[in-house]
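Engineer: Data file target.txt (compact mmCIF, C-alpha atoms) is appended below.
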# COMPACT_ATOMS: atom_id res chain seq x y z
CA GLN A 119 0.00 0.00 0.00
CA ASP A 120 2.96 2.31 0.57
CA ASN A 121 4.43 1.77 -2.91
CA PRO A 122 1.61 1.37 -5.45
CA ASP A 123 3.91 2.49 -8.29
CA ILE A 124 6.31 -0.35 -7.54
CA VAL A 125 3.47 -2.88 -7.47
CA ALA A 126 2.16 -1.56 -10.80
CA ARG A 127 5.64 -1.80 -12.34
CA VAL A 128 6.12 -5.35 -11.06
CA ARG A 129 2.80 -6.37 -12.61
CA GLU A 130 3.58 -4.59 -15.91
CA GLU A 131 6.91 -6.41 -16.14
CA GLY A 132 5.10 -9.75 -15.90
CA HIS A 133 6.15 -10.82 -12.42
CA LEU A 134 3.96 -12.88 -10.16
CA ILE A 135 2.90 -11.08 -7.00
CA GLY A 136 2.28 -13.17 -3.92
CA LEU A 137 1.38 -12.34 -0.37
CA HIS A 138 3.72 -12.31 2.62
CA SER A 139 1.37 -11.09 5.39
CA ALA A 140 0.55 -7.55 6.45
CA SER A 141 2.56 -7.43 9.66
CA HIS A 142 5.45 -9.82 8.94
CA THR A 143 4.73 -11.55 12.23
CA CYS A 144 5.42 -15.24 12.67
CA ALA A 145 2.07 -17.05 12.57
CA LEU A 146 3.03 -19.15 15.58
CA GLN A 147 3.03 -15.95 17.63
CA MET A 148 -0.51 -14.94 16.59
CA SER A 149 -3.90 -15.90 17.96
CA PRO A 150 -6.55 -17.17 15.54
CA ARG A 151 -8.25 -13.76 15.65
CA ARG A 152 -5.04 -11.85 14.97
CA THR A 153 -4.15 -14.29 12.20
CA LYS A 154 -7.45 -13.60 10.43
CA GLU A 155 -7.11 -9.83 10.93
CA ASP A 156 -3.60 -9.81 9.50
CA LEU A 157 -4.60 -11.92 6.52
CA ASN A 158 -7.75 -9.87 5.83
CA ARG A 159 -5.70 -6.66 5.98
CA ALA A 160 -3.13 -8.08 3.57
CA PHE A 161 -5.79 -9.23 1.10
CA SER A 162 -7.57 -5.88 1.36
CA ILE A 163 -4.36 -4.03 0.49
CA MET A 164 -3.72 -6.27 -2.49
CA GLU A 165 -7.30 -5.92 -3.69
CA LYS A 166 -7.00 -2.11 -3.59
CA LEU A 167 -3.85 -2.44 -5.69
CA GLY A 168 -5.68 -4.63 -8.21
CA VAL A 169 -3.68 -7.74 -7.41
CA THR A 170 -5.28 -11.18 -7.29
CA VAL A 171 -3.29 -13.30 -4.86
CA THR A 172 -2.83 -17.02 -5.46
CA TYR A 173 0.40 -17.64 -3.52
CA TYR A 174 1.42 -16.97 0.08
CA ARG A 175 4.89 -17.17 1.63
CA ALA A 176 4.71 -17.13 5.39
CA PRO A 177 7.17 -15.08 7.41
CA TRP A 178 9.83 -17.48 8.74
CA GLY A 179 8.12 -20.25 6.77
CA LEU A 180 5.78 -21.00 9.66
CA ILE A 181 2.00 -21.20 9.58
CA ASN A 182 -0.66 -21.99 12.14
CA ARG A 183 -3.93 -23.91 11.68
CA THR A 184 -5.99 -20.78 11.29
CA LEU A 185 -3.75 -19.43 8.57
CA ALA A 186 -3.71 -22.77 6.75
CA GLY A 187 -7.50 -22.93 6.86
CA GLU A 188 -8.04 -19.35 5.76
CA LEU A 189 -5.64 -19.72 2.84
CA ALA A 190 -7.34 -22.95 1.77
CA LYS A 191 -10.76 -21.23 1.85
CA ARG A 192 -9.39 -18.56 -0.47
CA GLY A 193 -7.74 -21.07 -2.79
CA VAL A 194 -4.28 -19.67 -2.04
CA GLU A 195 -1.26 -21.97 -2.20
CA THR A 196 1.32 -21.75 0.55
CA VAL A 197 4.83 -21.58 -0.87
CA PHE A 198 7.92 -22.73 0.96
CA TRP A 199 11.53 -22.42 -0.11
CA ASP A 200 14.40 -24.85 -0.07
CA VAL A 201 17.21 -22.32 -0.42
CA MET A 202 17.77 -19.55 2.11
CA THR A 203 20.90 -17.41 1.96
CA GLU A 204 20.45 -15.38 5.16
CA ASP A 205 20.88 -12.29 2.99
CA TRP A 206 19.24 -10.07 5.60
CA ARG A 207 22.04 -10.63 8.15
CA GLY A 208 24.24 -7.68 8.96
CA ASP A 209 27.44 -9.74 8.96
CA THR A 210 27.14 -11.24 5.49
CA THR A 211 28.59 -10.10 2.17
CA ALA A 212 27.65 -10.39 -1.48
CA GLU A 213 30.35 -13.04 -1.86
CA ILE A 214 28.93 -15.16 0.97
CA ILE A 215 25.41 -14.87 -0.46
CA ALA A 216 26.65 -15.87 -3.93
CA GLY A 217 28.51 -18.85 -2.47
CA LYS A 218 25.40 -20.04 -0.65
CA LEU A 219 23.35 -19.69 -3.82
CA ARG A 220 25.86 -21.77 -5.78
CA ARG A 221 26.15 -24.50 -3.12
CA ARG A 222 22.52 -24.78 -2.10
CA THR A 223 20.54 -24.34 -5.32
CA ARG A 224 19.53 -27.35 -7.37
CA SER A 225 17.15 -27.97 -10.26
CA GLY A 226 13.65 -27.06 -9.12
CA SER A 227 14.79 -25.03 -6.11
CA VAL A 228 12.69 -22.22 -4.70
CA VAL A 229 15.08 -19.54 -3.51
CA CYS A 230 14.14 -17.03 -0.81
CA LEU A 231 15.85 -13.66 -1.14
CA HIS A 232 15.01 -10.36 0.49
CA ASP A 233 14.71 -6.86 -0.90
CA GLY A 234 14.52 -5.05 2.40
CA ARG A 235 14.37 -5.18 6.20
CA GLY A 236 17.97 -6.28 6.35
CA LYS A 237 20.96 -4.73 8.03
CA ASN A 238 23.92 -2.93 6.53
CA ASN A 239 22.51 -2.39 3.05
CA ALA A 240 21.14 -5.92 2.72
CA PRO A 241 19.33 -5.38 -0.59
CA GLU A 242 22.45 -4.09 -2.34
CA ARG A 243 24.47 -7.11 -1.24
CA THR A 244 21.78 -9.45 -2.58
CA ILE A 245 21.71 -7.60 -5.89
CA ARG A 246 25.51 -7.81 -6.20
CA ALA A 247 25.38 -11.55 -5.46
CA LEU A 248 22.75 -12.05 -8.15
CA ARG A 249 24.78 -10.04 -10.67
CA ASP A 250 27.55 -12.56 -10.06
CA VAL A 251 25.52 -15.78 -9.99
CA LEU A 252 22.77 -15.25 -12.59
CA PRO A 253 25.05 -14.92 -15.64
CA GLN A 254 26.84 -18.12 -14.63
CA TRP A 255 23.57 -20.00 -14.20
CA LYS A 256 22.29 -18.69 -17.55
CA ALA A 257 25.53 -19.80 -19.25
CA GLU A 258 24.98 -23.25 -17.73
CA GLY A 259 21.51 -23.37 -19.29
CA CYS A 260 19.41 -22.69 -16.22
CA ARG A 261 15.86 -21.54 -16.73
CA PHE A 262 14.01 -19.40 -14.24
CA LEU A 263 10.31 -20.00 -13.79
CA ARG A 264 7.54 -18.25 -11.95
CA LEU A 265 5.72 -20.40 -9.42
CA ASP A 266 2.71 -20.65 -11.74
CA GLU A 267 4.98 -21.97 -14.52
CA ARG A 268 6.25 -24.98 -12.56
Output the structure of this file as C-alpha cells.
Structural biologist:
Amino acid sequence: QDNPDIVARVREEGHLIGLHSASHTCALQMSPRRTKEDLNRAFSIMEKLGVTVTYYRAPWGLINRTLAGELAKRGVETVFWDVMTEDWRGDTTAEIIAGKLRRRTRSGSVVCLHDGRGKNNAPERTIRALRDVLPQWKAEGCRFLRLDER
C-alpha cells in the first residue's frame, strides 16, 4: 500500500505477485483472531492495488492452523523455499550470499531472497550476489520459472 507504483511496475513487467502477510509476524506468535485480521488486511491491500493473490509465503516459513484454513478457503497456495541465503544478516557479504546460492541451489529449487528489512545495506548485497551468480547460471543453461509456470 505504501508503494503502489512499484506494485504496478512489477505487474507490468510480468512478475507474479504473492502475499507475505501484512505485519510480517510469525504465525506461531498470533492468535486465531489476529491471524485472520492480518490476513484480511493483507488481502484488502492487495485488492486495492488490483492484485489477485494465489500464492502466500509465510514469514519465517511457519504457519498456524488458522492461517492454513483461511488460505485454503481462499484457494491460495502456501509456498515454501528450499534455499535460504540469510541475505538479511548484517554480517554477510555479497560473496557469501553468492557462495550459498551456488552451493545450495539445485534444479527445481525455490530460492528465498530479500529486498529489504535487512541490516547494513542488505538489498544491495543481494543484488551484487545475483549479478555474479545469474550470468553463470544462464551460461549453464538454467531456466528461471515463476511459481505458476512450474
Engineer: Neighbouring residues of Ala140 of chain A were defined as those with any atom within 9 Å, considering all atoms listed in the file; residues of the same chain fewer than 2 positions away were excluded. Please report them as a compact mmCIF listing (two decimals) with C-alpha atoms, in the coordinates of the input.
Structural biologist:
# COMPACT_ATOMS: atom_id res chain seq x y z
CA LEU A 137 1.38 -12.34 -0.37
CA HIS A 138 3.72 -12.31 2.62
CA HIS A 142 5.45 -9.82 8.94
CA THR A 143 4.73 -11.55 12.23
CA ASP A 156 -3.60 -9.81 9.50
CA LEU A 157 -4.60 -11.92 6.52
CA ASN A 158 -7.75 -9.87 5.83
CA ARG A 159 -5.70 -6.66 5.98
CA ALA A 160 -3.13 -8.08 3.57
CA PHE A 161 -5.79 -9.23 1.10
CA ILE A 163 -4.36 -4.03 0.49
Engineer: So the first atom is atom CA of Arg127 of chain A and the second is atom CA of Glu165 of chain A; what is the distance between them in Å, to one decimal place?
Structural biologist: 16.1 Å
Engineer: Just the number, please: distance in Å from atom CA of Asp266 of chain A to atom CA of Ala212 of chain A, one decimal.
Structural biologist: 28.9 Å
Engineer: Can you pull out every residue within 9 Å of Glu242 of chain A, counting all atoms listed in the file, but drop anything in the same chain fewer than 3 positions away, and send it as a ChimeraX atom specification?
Structural biologist: /A:212,233,239,245-247
Engineer: Can I get the selected residues back with C-alpha atoms, as an mmCIF file, in the frame of the given file?
Structural biologist:
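Result file follows (out09.cif):
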data_model
loop_
_atom_site.group_PDB
_atom_site.id
_atom_site.type_symbol
_atom_site.label_atom_id
_atom_site.label_comp_id
_atom_site.auth_asym_id
_atom_site.auth_seq_id
_atom_site.Cartn_x
_atom_site.Cartn_y
_atom_site.Cartn_z
ATOM 1 C CA ALA A 212 27.650 -10.390 -1.480
ATOM 2 C CA ASP A 233 14.710 -6.860 -0.900
ATOM 3 C CA ASN A 239 22.510 -2.390 3.050
ATOM 4 C CA ILE A 245 21.710 -7.600 -5.890
ATOM 5 C CA ARG A 246 25.510 -7.810 -6.200
ATOM 6 C CA ALA A 247 25.380 -11.550 -5.460
#
Engineer: Using all atoms listed in the file, find all polymer residues with an atom at most 12 Å away from the point (16.1, -9.5, -0.7); report them as a PyMOL selection string.
Structural biologist: chain A and resi 202-207+212+215+229-237+239-248
Engineer: To one decimal in Å, tell me the separation between atom CA of Arg224 of chain A and atom CA of Asp200 of chain A.
Structural biologist: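 Between these atoms lies a distance of 9.3 Å.
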Engineer: Residues at most 12 Å from Glu155 of chain A, counting all atoms listed in the file, excluding those fewer than 4 positions away in the same chain, as a ChimeraX atom specification?
Structural biologist: /A:139-141,145,148-151,159-162,184-185,188
Engineer: Could you model N, CA and C atoms for segment 183-212 of chain A and present them as a CSV table (one decimal), keeping the file's coordinate frame?
Structural biologist:
chain,number,residue,atom,x,y,z
A,183,ARG,N,-2.7,-23.3,12.2
A,183,ARG,CA,-3.9,-23.9,11.7
A,183,ARG,C,-4.9,-22.9,11.1
A,184,THR,N,-5.1,-21.8,11.8
A,184,THR,CA,-6.0,-20.8,11.3
A,184,THR,C,-5.5,-20.3,9.9
A,185,LEU,N,-4.3,-19.9,9.8
A,185,LEU,CA,-3.8,-19.4,8.6
A,185,LEU,C,-3.9,-20.5,7.5
A,186,ALA,N,-3.6,-21.7,7.7
A,186,ALA,CA,-3.7,-22.8,6.8
A,186,ALA,C,-5.2,-22.9,6.3
A,187,GLY,N,-6.1,-22.8,7.2
A,187,GLY,CA,-7.5,-22.9,6.9
A,187,GLY,C,-8.0,-21.7,6.1
A,188,GLU,N,-7.6,-20.6,6.5
A,188,GLU,CA,-8.0,-19.4,5.8
A,188,GLU,C,-7.5,-19.3,4.3
A,189,LEU,N,-6.2,-19.7,4.2
A,189,LEU,CA,-5.6,-19.7,2.8
A,189,LEU,C,-6.3,-20.8,2.0
A,190,ALA,N,-6.6,-21.9,2.5
A,190,ALA,CA,-7.3,-23.0,1.8
A,190,ALA,C,-8.7,-22.5,1.3
A,191,LYS,N,-9.4,-21.8,2.2
A,191,LYS,CA,-10.8,-21.2,1.8
A,191,LYS,C,-10.7,-20.3,0.7
A,192,ARG,N,-9.6,-19.5,0.6
A,192,ARG,CA,-9.4,-18.6,-0.5
A,192,ARG,C,-8.7,-19.2,-1.7
A,193,GLY,N,-8.4,-20.4,-1.7
A,193,GLY,CA,-7.7,-21.1,-2.8
A,193,GLY,C,-6.3,-20.6,-3.0
A,194,VAL,N,-5.6,-20.2,-2.0
A,194,VAL,CA,-4.3,-19.7,-2.0
A,194,VAL,C,-3.3,-20.8,-1.6
A,195,GLU,N,-2.3,-21.0,-2.5
A,195,GLU,CA,-1.3,-22.0,-2.2
A,195,GLU,C,-0.2,-21.4,-1.3
A,196,THR,N,0.2,-22.1,-0.3
A,196,THR,CA,1.3,-21.8,0.6
A,196,THR,C,2.6,-22.2,-0.1
A,197,VAL,N,3.6,-21.3,-0.2
A,197,VAL,CA,4.8,-21.6,-0.9
A,197,VAL,C,5.9,-21.6,0.2
A,198,PHE,N,6.8,-22.6,0.1
A,198,PHE,CA,7.9,-22.7,1.0
A,198,PHE,C,9.2,-22.7,0.1
A,199,TRP,N,10.3,-22.5,0.6
A,199,TRP,CA,11.5,-22.4,-0.1
A,199,TRP,C,12.4,-23.6,0.4
A,200,ASP,N,13.4,-23.9,-0.5
A,200,ASP,CA,14.4,-24.8,-0.1
A,200,ASP,C,15.8,-24.3,-0.1
A,201,VAL,N,15.9,-23.0,-0.5
A,201,VAL,CA,17.2,-22.3,-0.4
A,201,VAL,C,17.0,-21.0,0.3
A,202,MET,N,17.8,-20.8,1.4
A,202,MET,CA,17.8,-19.6,2.1
A,202,MET,C,19.2,-19.1,2.2
A,203,THR,N,19.5,-17.9,1.9
A,203,THR,CA,20.9,-17.4,2.0
A,203,THR,C,21.2,-16.5,3.2
A,204,GLU,N,20.3,-16.3,4.0
A,204,GLU,CA,20.4,-15.4,5.2
A,204,GLU,C,21.0,-14.0,4.7
A,205,ASP,N,20.4,-13.5,3.6
A,205,ASP,CA,20.9,-12.3,3.0
A,205,ASP,C,20.5,-11.1,3.8
A,206,TRP,N,19.6,-11.2,4.8
A,206,TRP,CA,19.2,-10.1,5.6
A,206,TRP,C,20.2,-9.8,6.7
A,207,ARG,N,21.1,-10.8,7.0
A,207,ARG,CA,22.0,-10.6,8.2
A,207,ARG,C,23.0,-9.5,7.9
A,208,GLY,N,23.3,-8.8,9.0
A,208,GLY,CA,24.2,-7.7,9.0
A,208,GLY,C,25.7,-8.1,8.8
A,209,ASP,N,26.0,-9.3,9.0
A,209,ASP,CA,27.4,-9.7,9.0
A,209,ASP,C,27.8,-10.5,7.7
A,210,THR,N,26.9,-10.5,6.7
A,210,THR,CA,27.1,-11.2,5.5
A,210,THR,C,27.6,-10.3,4.4
A,211,THR,N,28.1,-10.9,3.3
A,211,THR,CA,28.6,-10.1,2.2
A,211,THR,C,28.0,-10.7,0.9
A,212,ALA,N,28.1,-9.9,-0.2
A,212,ALA,CA,27.6,-10.4,-1.5
A,212,ALA,C,28.3,-11.7,-1.9
